[in-house]
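A short worksheet on the structure shown next.
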Amino acid sequence: MGCYFSQPSYKSCGQPFVPPILFMPSPGLYLDQPYRNWGLRKDMEYKEHASPLCNSIQDLSKMKGAPTVALLLFFLAIATSMADDWRETVGMGQPKVSHLHFYFQGVLTGPNPTSVLVAELNSTQASPTSFGSIYVHDDLLTEGPNLTSKLIGTVQGIEVVSSQTELSVTMALNFVFTDGEFNGSTLTVVGRNPILQDVREMSVVGGNGAFRLAQGYAQLRTILLATGSLTVEYNVTVIHY
(Lines give C-alpha, C1' and ligand atoms only; values in the text may rest on other atoms or scores of the structure.)
Protein backbone atom coordinates (compact mmCIF):
# COMPACT_ATOMS: atom_id res chain seq x y z
CA MET A 1 0.00 0.00 0.00
CA GLY A 2 2.99 2.35 0.32
CA CYS A 3 2.22 2.86 4.00
CA TYR A 4 4.80 3.32 6.72
CA PHE A 5 5.04 4.10 10.42
CA SER A 6 6.12 7.69 11.01
CA GLN A 7 5.64 7.38 14.76
CA PRO A 8 4.61 4.48 17.04
CA SER A 9 0.84 3.78 16.94
CA TYR A 10 0.26 6.15 14.00
CA LYS A 11 0.17 4.42 10.61
CA SER A 12 0.12 6.67 7.55
CA CYS A 13 -0.23 6.42 3.78
CA GLY A 14 2.38 8.67 2.20
CA GLN A 15 2.30 11.23 5.00
CA PRO A 16 2.08 11.35 8.81
CA PHE A 17 -1.30 11.55 10.50
CA VAL A 18 -2.11 14.36 12.90
CA PRO A 19 -4.06 13.54 16.06
CA PRO A 20 -6.81 16.17 15.79
CA ILE A 21 -7.46 16.37 19.53
CA LEU A 22 -3.82 16.79 20.51
CA PHE A 23 -2.58 19.13 17.79
CA MET A 24 -3.83 21.13 14.82
CA PRO A 25 -0.89 22.19 12.60
CA SER A 26 -0.44 25.66 11.20
CA PRO A 27 0.29 26.13 7.44
CA GLY A 28 3.79 25.10 6.45
CA LEU A 29 4.49 23.07 9.57
CA TYR A 30 5.95 19.65 8.87
CA LEU A 31 7.42 16.63 10.57
CA ASP A 32 11.16 17.34 10.36
CA GLN A 33 12.30 14.76 12.93
CA PRO A 34 10.76 11.65 14.49
CA TYR A 35 9.22 12.23 17.95
CA ARG A 36 9.51 16.01 17.56
CA ASN A 37 6.70 17.93 15.89
CA TRP A 38 3.48 16.73 14.31
CA GLY A 39 2.43 18.45 11.13
CA LEU A 40 1.94 18.13 7.39
CA ARG A 41 4.70 17.87 4.83
CA LYS A 42 3.85 19.68 1.62
CA ASP A 43 6.66 18.11 -0.34
CA MET A 44 5.47 14.50 0.05
CA GLU A 45 5.16 12.85 -3.38
CA TYR A 46 2.47 10.39 -4.43
CA LYS A 47 3.59 6.81 -4.72
CA GLU A 48 2.57 5.00 -7.90
CA HIS A 49 1.75 1.85 -6.00
CA ALA A 50 -0.41 3.60 -3.37
CA SER A 51 -3.84 2.14 -2.79
CA PRO A 52 -7.05 4.06 -3.64
CA LEU A 53 -7.47 4.71 0.07
CA CYS A 54 -4.01 6.27 0.33
CA ASN A 55 -4.66 8.41 -2.73
CA SER A 56 -7.95 9.61 -1.26
CA ILE A 57 -6.27 10.53 2.00
CA GLN A 58 -3.50 12.41 0.20
CA ASP A 59 -6.07 14.31 -1.88
CA LEU A 60 -7.96 15.23 1.25
CA SER A 61 -4.74 16.45 2.90
CA LYS A 62 -4.91 19.52 0.64
CA MET A 63 -8.27 20.53 2.04
CA LYS A 64 -9.10 22.54 5.13
CA GLY A 65 -9.42 20.29 8.16
CA ALA A 66 -7.58 17.54 6.30
CA PRO A 67 -5.86 15.96 9.34
CA THR A 68 -9.21 15.15 10.97
CA VAL A 69 -10.73 13.77 7.75
CA ALA A 70 -7.62 11.74 6.94
CA LEU A 71 -7.53 10.21 10.39
CA LEU A 72 -11.22 9.31 10.20
CA LEU A 73 -10.68 7.63 6.82
CA PHE A 74 -7.77 5.69 8.20
CA PHE A 75 -9.73 4.26 11.10
CA LEU A 76 -12.71 3.58 8.81
CA ALA A 77 -10.44 1.48 6.62
CA ILE A 78 -9.19 -0.42 9.66
CA ALA A 79 -12.76 -1.09 10.83
CA THR A 80 -13.82 -2.26 7.37
CA SER A 81 -10.88 -4.60 6.90
CA MET A 82 -11.48 -6.15 10.32
CA ALA A 83 -15.27 -6.41 10.03
CA ASP A 84 -15.23 -10.20 10.16
CA ASP A 85 -12.61 -10.56 12.90
CA TRP A 86 -15.22 -10.67 15.67
CA ARG A 87 -16.62 -13.91 14.25
CA GLU A 88 -13.19 -15.51 14.40
CA THR A 89 -12.72 -14.25 17.95
CA VAL A 90 -15.89 -15.96 19.19
CA GLY A 91 -15.40 -19.04 17.02
CA MET A 92 -18.17 -18.39 14.48
CA GLY A 93 -18.09 -18.84 10.74
CA GLN A 94 -19.90 -17.05 7.95
CA PRO A 95 -23.66 -16.42 8.29
CA LYS A 96 -26.01 -18.98 6.79
CA VAL A 97 -29.74 -19.19 6.21
CA SER A 98 -31.87 -22.10 7.47
CA HIS A 99 -35.52 -22.80 6.68
CA LEU A 100 -37.36 -24.68 9.44
CA HIS A 101 -40.79 -26.29 9.30
CA PHE A 102 -42.58 -27.74 12.33
CA TYR A 103 -45.84 -27.74 14.26
CA PHE A 104 -46.84 -26.19 17.58
CA GLN A 105 -49.17 -28.49 19.56
CA GLY A 106 -51.15 -26.98 22.41
CA VAL A 107 -53.15 -29.11 24.86
CA LEU A 108 -55.66 -26.77 26.52
CA THR A 109 -57.69 -29.12 28.72
CA GLY A 110 -57.35 -32.39 30.57
CA PRO A 111 -55.13 -33.42 33.47
CA ASN A 112 -51.90 -32.14 31.87
CA PRO A 113 -52.58 -28.98 29.84
CA THR A 114 -49.56 -27.45 28.11
CA SER A 115 -50.98 -23.92 28.18
CA VAL A 116 -52.42 -22.52 31.41
CA LEU A 117 -54.00 -19.26 32.51
CA VAL A 118 -51.93 -17.73 35.33
CA ALA A 119 -53.37 -14.20 35.69
CA GLU A 120 -56.20 -11.97 34.55
CA LEU A 121 -57.75 -8.60 35.39
CA ASN A 122 -60.96 -8.17 37.36
CA SER A 123 -62.50 -6.86 34.15
CA THR A 124 -61.27 -9.71 31.96
CA GLN A 125 -64.48 -11.73 32.24
CA ALA A 126 -66.45 -8.80 30.83
CA SER A 127 -64.03 -8.25 27.94
CA PRO A 128 -65.04 -9.74 24.54
CA THR A 129 -61.40 -10.58 23.87
CA SER A 130 -60.38 -11.65 27.42
CA PHE A 131 -58.09 -8.62 27.45
CA GLY A 132 -55.41 -8.81 30.13
CA SER A 133 -55.22 -12.60 30.38
CA ILE A 134 -51.74 -14.08 30.76
CA TYR A 135 -50.86 -17.65 29.81
CA VAL A 136 -47.75 -19.73 30.34
CA HIS A 137 -46.74 -22.29 27.70
CA ASP A 138 -44.84 -25.55 27.73
CA ASP A 139 -46.24 -26.92 24.48
CA LEU A 140 -45.11 -29.69 22.17
CA LEU A 141 -43.12 -29.22 18.99
CA THR A 142 -43.71 -31.94 16.39
CA GLU A 143 -42.39 -32.81 12.97
CA GLY A 144 -45.86 -33.38 11.51
CA PRO A 145 -49.33 -31.87 12.00
CA ASN A 146 -50.69 -34.63 14.24
CA LEU A 147 -50.30 -34.65 17.98
CA THR A 148 -48.86 -38.16 17.66
CA SER A 149 -46.20 -37.03 15.15
CA LYS A 150 -42.51 -37.30 16.01
CA LEU A 151 -41.62 -35.02 18.92
CA ILE A 152 -38.70 -32.70 18.12
CA GLY A 153 -38.88 -30.25 21.01
CA THR A 154 -40.96 -28.03 23.26
CA VAL A 155 -42.20 -24.44 23.14
CA GLN A 156 -41.81 -22.54 26.40
CA GLY A 157 -42.88 -18.96 27.01
CA ILE A 158 -45.66 -16.53 27.80
CA GLU A 159 -48.71 -15.14 25.99
CA VAL A 160 -50.63 -11.98 26.86
CA VAL A 161 -54.02 -11.07 25.40
CA SER A 162 -53.12 -7.52 24.40
CA SER A 163 -56.03 -6.21 22.33
CA GLN A 164 -59.44 -4.99 23.45
CA THR A 165 -60.92 -5.01 19.96
CA GLU A 166 -59.69 -8.23 18.29
CA LEU A 167 -58.38 -11.66 19.23
CA SER A 168 -54.70 -10.77 19.28
CA VAL A 169 -51.96 -11.83 21.66
CA THR A 170 -48.37 -10.80 22.27
CA MET A 171 -46.06 -13.80 22.57
CA ALA A 172 -42.50 -14.45 23.73
CA LEU A 173 -41.57 -18.06 22.97
CA ASN A 174 -38.46 -20.23 23.20
CA PHE A 175 -38.39 -23.16 20.78
CA VAL A 176 -36.25 -25.80 22.50
CA PHE A 177 -35.09 -28.47 20.05
CA THR A 178 -34.49 -31.92 21.51
CA ASP A 179 -34.03 -33.94 18.32
CA GLY A 180 -32.55 -33.63 14.84
CA GLU A 181 -29.93 -31.30 13.40
CA PHE A 182 -30.53 -28.57 15.99
CA ASN A 183 -30.78 -30.80 19.04
CA GLY A 184 -29.76 -28.79 22.11
CA SER A 185 -30.32 -25.40 20.48
CA THR A 186 -32.97 -22.81 21.22
CA LEU A 187 -34.68 -20.28 18.97
CA THR A 188 -36.45 -17.21 20.42
CA VAL A 189 -39.53 -15.78 18.69
CA VAL A 190 -41.34 -12.62 19.82
CA GLY A 191 -44.22 -10.62 18.38
CA ARG A 192 -47.88 -9.88 17.87
CA ASN A 193 -50.13 -12.78 16.89
CA PRO A 194 -53.64 -11.89 15.64
CA ILE A 195 -54.81 -15.47 15.89
CA LEU A 196 -57.83 -15.27 13.57
CA GLN A 197 -55.81 -14.13 10.57
CA ASP A 198 -54.91 -16.83 8.07
CA VAL A 199 -51.15 -16.14 8.10
CA ARG A 200 -49.33 -14.21 10.81
CA GLU A 201 -45.69 -13.23 11.17
CA MET A 202 -43.46 -12.86 14.21
CA SER A 203 -39.79 -11.99 14.61
CA VAL A 204 -36.89 -14.30 15.36
CA VAL A 205 -34.82 -12.23 17.80
CA GLY A 206 -32.13 -14.64 18.97
CA GLY A 207 -31.26 -18.06 20.28
CA ASN A 208 -28.41 -20.19 21.54
CA GLY A 209 -26.38 -23.18 20.46
CA ALA A 210 -26.59 -23.33 16.66
CA PHE A 211 -28.78 -20.22 16.75
CA ARG A 212 -26.46 -17.78 18.50
CA LEU A 213 -27.06 -14.25 17.21
CA ALA A 214 -30.00 -15.55 15.16
CA GLN A 215 -32.39 -13.22 13.37
CA GLY A 216 -35.24 -13.81 10.97
CA TYR A 217 -38.98 -14.31 10.86
CA ALA A 218 -41.61 -16.97 11.49
CA GLN A 219 -44.85 -17.35 9.55
CA LEU A 220 -47.72 -18.99 11.44
CA ARG A 221 -50.85 -20.68 10.15
CA THR A 222 -53.47 -22.32 12.36
CA ILE A 223 -54.20 -25.89 11.30
CA LEU A 224 -56.58 -26.85 14.10
CA LEU A 225 -58.41 -24.79 16.71
CA ALA A 226 -60.85 -26.90 18.68
CA THR A 227 -62.01 -27.36 22.24
CA GLY A 228 -59.01 -28.65 24.14
CA SER A 229 -56.42 -28.56 21.33
CA LEU A 230 -54.52 -26.19 19.08
CA THR A 231 -52.17 -26.94 16.17
CA VAL A 232 -50.18 -24.18 14.47
CA GLU A 233 -47.87 -24.64 11.49
CA TYR A 234 -44.58 -22.72 11.63
CA ASN A 235 -42.38 -21.82 8.66
CA VAL A 236 -39.23 -20.14 9.95
CA THR A 237 -36.46 -18.42 8.01
CA VAL A 238 -33.45 -17.71 10.19
CA ILE A 239 -29.97 -16.27 9.66
CA HIS A 240 -27.42 -17.72 12.07
CA TYR A 241 -23.71 -18.53 12.36
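Ordering of the C-alpha coordinates sets the chain letters (A, B, ...), residue numbers begin anew at 1 in every chain, and ligands are numbered from 1 in the order given.
Of the residues in stretch 114-165 of chain A, those given strand (DSSP E or B) by DSSP on the backbone are Ser115, Val116, Leu117, Val118, Ala119, Ile134, Tyr135, Val136, His137, Asp138, Asp139, Leu140, Leu141, Thr142, Leu151, Ile152, Gly153, Thr154, Val155, Gln156, Gly157, Ile158, Glu159, Val160 and Val161 of chain A.
Residues lying within 12 Å of A:Thr154, counting only C-alpha atoms and ignoring same-chain neighbours fewer than 5 positions away, are Phe102, Tyr103, Phe104, Gln105, Gly106, Thr114, Ser115, His137, Asp138, Asp139, Leu140, Leu141, Thr142, Glu143, Leu173, Asn174, Phe175, Val176, Phe177, Thr178, Asp179, Asn183, Gly184, Ser185, Thr186 and Leu187 of chain A.
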